[in-house]
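Presented below is the structure to which this report refers.
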Amino acid sequence: MFMYEFMLPLRCFCLKDMAPKKWSTMMAMESHNDLRRGTELWNREQVNVVDYLRGKLKVDADEELLHSITGILDVNCHEVRSNIPGTKEQYFIRGVYPLCAMMSHFCSNNTHHTLMDDMTMVVIASRPIKKGDQITATYTHILSATTERRKHLRYGKFFDCACERCRDPTEMGTYFGALKCSQPGCGGSILCTDPLVATNDAPWACDRCKYQVAAVTVERLNKMVYWELREAGEEDPAKIEGLLRKYQYVLHPQHFHMVGMKHTLSQMYGRLPGYALNTISDAQRRRKVECCRDLLKVLDVIDPGISRLRGLTLYELHAPLLLEANGAFQRTSITRREFLTKLREVEGYLSLVVYCLQHEPLSSSEGDVCKIARNSLVELRKWITTVTSLPDRHFLPEEVEKVTAASLVRSDEDLTLESLLRSLEEQ
């Protein structure tokens with residue numbers, strides 16, 4: 001039995017007498033009983049909720065009503081991260097937000113929602129929304145490929161998504177589920193021929209040579225990589241790097257498993273014990289930067305604008321870049337212009353971190369990162385002001401453009417004052 005699975009449905013049932021308006025609002029929401037009936041989920045809830053409430057607790061309610069309540073919760077609930085004040089612990093619970101549940105789903109949505117410390121939900125536009133456009137949310141994991149997303153939505157939310165991203169075999173040009181074609185000299189990408197087939201069994205084919213792979217083979221491959229990643233864990237970057245090398249000729253560089261591994265590495269380098277940012281090698285710092293940039297490249301397409309993942313990734317990106325720039329300054333191996341360019345790049349990233357995470361609750365880890373980024377931004381701007389006025393001895397001299405005699409050679413016929421001046425201007 002799923003412990004206490006009956007509790008939330010029971011609380012919702014009590015609204016009938018205790019808060020009739022809330023009860024009416026909730027019961028107007030979709031339960032999809034017709035689609036859920038007879039499924040594994042329905043049968044589980046029959047035992048853990050319906051039979052328990054009616055039999056053990058003697059709740060006077062008919063089975064269909066209780067199934068409607070569980071269906072409304074399954075279809076419409078949002079995940080709520082509950083923070084315990086004064087601690088870093090988080091608990092994941094379910095919450096019903098009727099107004100937010102009315103938003104249409106899209107696998108590259110245009111809103112961002114945040115649960116505040118008082119459990120209210122704030123929904124903002126994550127990017128510009130034109131008049132007449134739908135306001136959309138996502139009910140699945142944005143870093144999953146089409147097959148996985150559609151399965152989750154079909155069996156968890158009881159609808160088949162046919163959004164722009166799901167319809168496109170390339171997933172809006174990201175190739176998020178693509179394999180590399182293994183045929184000699186091809187170099188193409190193997191994509192699903194029809195991503196909207198409900199049974200997920202449409203064949204996969206190379207976009208160049210048309211070589212085909214069965215859907216079940218692709219599914220087995222993805223599961224194999226998944227279990228290897230589970231076994232590798234998140235404590236040893238070398239294991240993740242090994243898996244990236246192992247599958248570099250099998251999976252597209254932007255395949256969701258490859259991007260997921262790079263996301264993991266971007267967190268490992270600089271954070272794990274023994275991998276502090278100021279102790280890892282230059283190559284490992286560069287690798288962290290590379291992984292962050294590769295992840296951001298995908299997010300620019302499937303999750304543009306305000307997002308937690310973008311904010312956190314930009315924060316991970318800024319740190320090694322700032323460390324590298326300051327290190328070059330301390331070694332007097334950088335010009336003032338180059339140093340200021342690098343510092344202003346980092347300033348831009350920190351500004352975007354604050355922009356992306358400014359709506360997060362203060363008690364959350366994202367809220368902590370936003371606070372740190374704000375403070376870092378203030379200090380960085382002071383440092384930039386200082387750098388602009390430091391004596392030249394702290395920097396490499398700026399390169400002076402040299403005019404060579406060879407570059408000015410002209411024949412006697414074309415060696416005129418005008419041609420000579422033009423040549424000098426072109427240097």
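Going through the structure tokens in order, the chains are called A, B, and so on, while each chain numbers its residues from 1 and the ligands are numbered from 1 in the order shown.
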Expected answer as a PyMOL selection string: alpha helix (DSSP H) residues in region 163-362 of chain A: chain A and resi 164-167+215-232+237-246+256-268+282-302+308-330+336-357
Spatial neighbours of Asn200 (chain A), max dist 9 Å, only C-alpha atoms, sep filter under 2 positions, as a list of chain:residue names: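 Surrounding residues, per the criterion: A:Thr147, A:Arg150, A:Lys151, A:Asp194, A:Pro195, A:Leu196, A:Val197, A:Ala198, A:Ala202, A:Pro203, A:Ala215, A:Val216.
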Can those selected residues be exported to a file as a compact mmCIF listing (two decimals), in the first residue's frame so that it contains N, CA and C atoms?
# COMPACT_ATOMS: atom_id res chain seq x y z
N THR A 147 9.58 10.98 -27.11
CA THR A 147 8.96 9.71 -26.72
C THR A 147 8.69 9.67 -25.22
N ARG A 150 5.90 12.30 -24.19
CA ARG A 150 4.55 11.91 -24.60
C ARG A 150 4.04 10.71 -23.79
N LYS A 151 4.94 9.81 -23.42
CA LYS A 151 4.54 8.69 -22.55
C LYS A 151 4.07 9.22 -21.20
N ASP A 194 7.69 9.26 -37.41
CA ASP A 194 6.37 9.81 -37.06
C ASP A 194 6.24 9.88 -35.54
N PRO A 195 6.69 10.98 -34.92
CA PRO A 195 6.70 11.07 -33.46
C PRO A 195 5.32 11.03 -32.81
N LEU A 196 4.26 11.28 -33.58
CA LEU A 196 2.92 11.36 -32.99
C LEU A 196 2.17 10.04 -32.95
N VAL A 197 2.80 8.95 -33.40
CA VAL A 197 2.16 7.64 -33.31
C VAL A 197 1.97 7.29 -31.83
N ALA A 198 0.71 7.05 -31.44
CA ALA A 198 0.39 6.87 -30.03
C ALA A 198 1.11 5.69 -29.40
N ALA A 202 6.69 3.84 -34.34
CA ALA A 202 7.06 4.25 -35.70
C ALA A 202 8.55 4.02 -35.90
N PRO A 203 8.98 3.52 -37.05
CA PRO A 203 10.41 3.28 -37.28
C PRO A 203 11.21 4.58 -37.27
N ALA A 215 11.89 1.08 -33.56
CA ALA A 215 11.63 1.91 -32.38
C ALA A 215 12.01 1.19 -31.10
N VAL A 216 11.77 -0.13 -31.06
CA VAL A 216 12.09 -0.89 -29.85
C VAL A 216 13.59 -0.91 -29.60
Spatial neighbours of region 385-394 of chain A, max dist 10 Å, only C-alpha atoms, sep filter under 4 positions, as an NGL selection string: :A and (329-337 or 339-340 or 343 or 380-381 or 398)
I want to know what sits within 12 Å of Asp51 (chain A), based on only C-alpha atoms, with residues of the same chain fewer than 2 positions away left out; could you give that as an MDAnalysis selection string? chainID A and resid 1 5:6 42:49 53:64 66:67
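In terms of minimum interatomic distance to Thr111 (chain A), A:Arg308 ranks closest within A:Arg308, A:Lys262, A:Arg81, A:His255, counting only C-alpha atoms.
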List every residue of region 11-101 of chain A that DSSP, applied to the backbone of this structure, places in strand (DSSP E), and write the result as number ranges by chain. A: 78-83, 90-95
Find, counting only C-alpha atoms, the residue in A:Leu296, A:Val96, A:Leu143, A:Cys206 that gets nearest to Pro169 (chain A).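 Going through A:Leu296, A:Val96, A:Leu143, A:Cys206 one by one, the smallest distance to Pro169 (chain A) is for A:Cys206.
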Hey, what's within 9 Å of Met268 (chain A) if we count only C-alpha atoms and toss same-chain stuff fewer than 2 positions away? As an mmCIF file with C-alpha atoms, in the first residue's frame, please?
data_model
loop_
_atom_site.group_PDB
_atom_site.id
_atom_site.type_symbol
_atom_site.label_atom_id
_atom_site.label_comp_id
_atom_site.auth_asym_id
_atom_site.auth_seq_id
_atom_site.Cartn_x
_atom_site.Cartn_y
_atom_site.Cartn_z
ATOM 1 C CA GLU A 234 27.082 11.578 -9.385
ATOM 2 C CA GLU A 235 30.263 11.390 -7.325
ATOM 3 C CA ASP A 236 32.935 10.724 -9.955
ATOM 4 C CA PRO A 237 33.236 12.971 -13.038
ATOM 5 C CA HIS A 263 24.501 19.102 -17.072
ATOM 6 C CA THR A 264 25.733 16.705 -14.401
ATOM 7 C CA LEU A 265 29.378 17.506 -15.154
ATOM 8 C CA SER A 266 28.690 21.240 -14.997
ATOM 9 C CA GLY A 270 33.677 22.982 -8.848
ATOM 10 C CA ARG A 271 31.285 21.488 -6.290
ATOM 11 C CA LEU A 272 32.175 17.901 -5.437
ATOM 12 C CA TYR A 275 36.868 19.140 -7.216
ATOM 13 C CA LYS A 288 32.892 22.968 -16.956
#
Please determine, counting only C-alpha atoms, which residue among A:Val346, A:Glu338, A:Ala325, A:Gln284 has the shortest atom-to-atom distance to Pro397 (chain A).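 Closest to Pro397 (chain A) of all the choices is A:Glu338.
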So which residues touch region 238-243 of chain A within 10 Å, counting only C-alpha atoms, skipping near sequence neighbours fewer than 5 positions away, as a count of residues only? 14
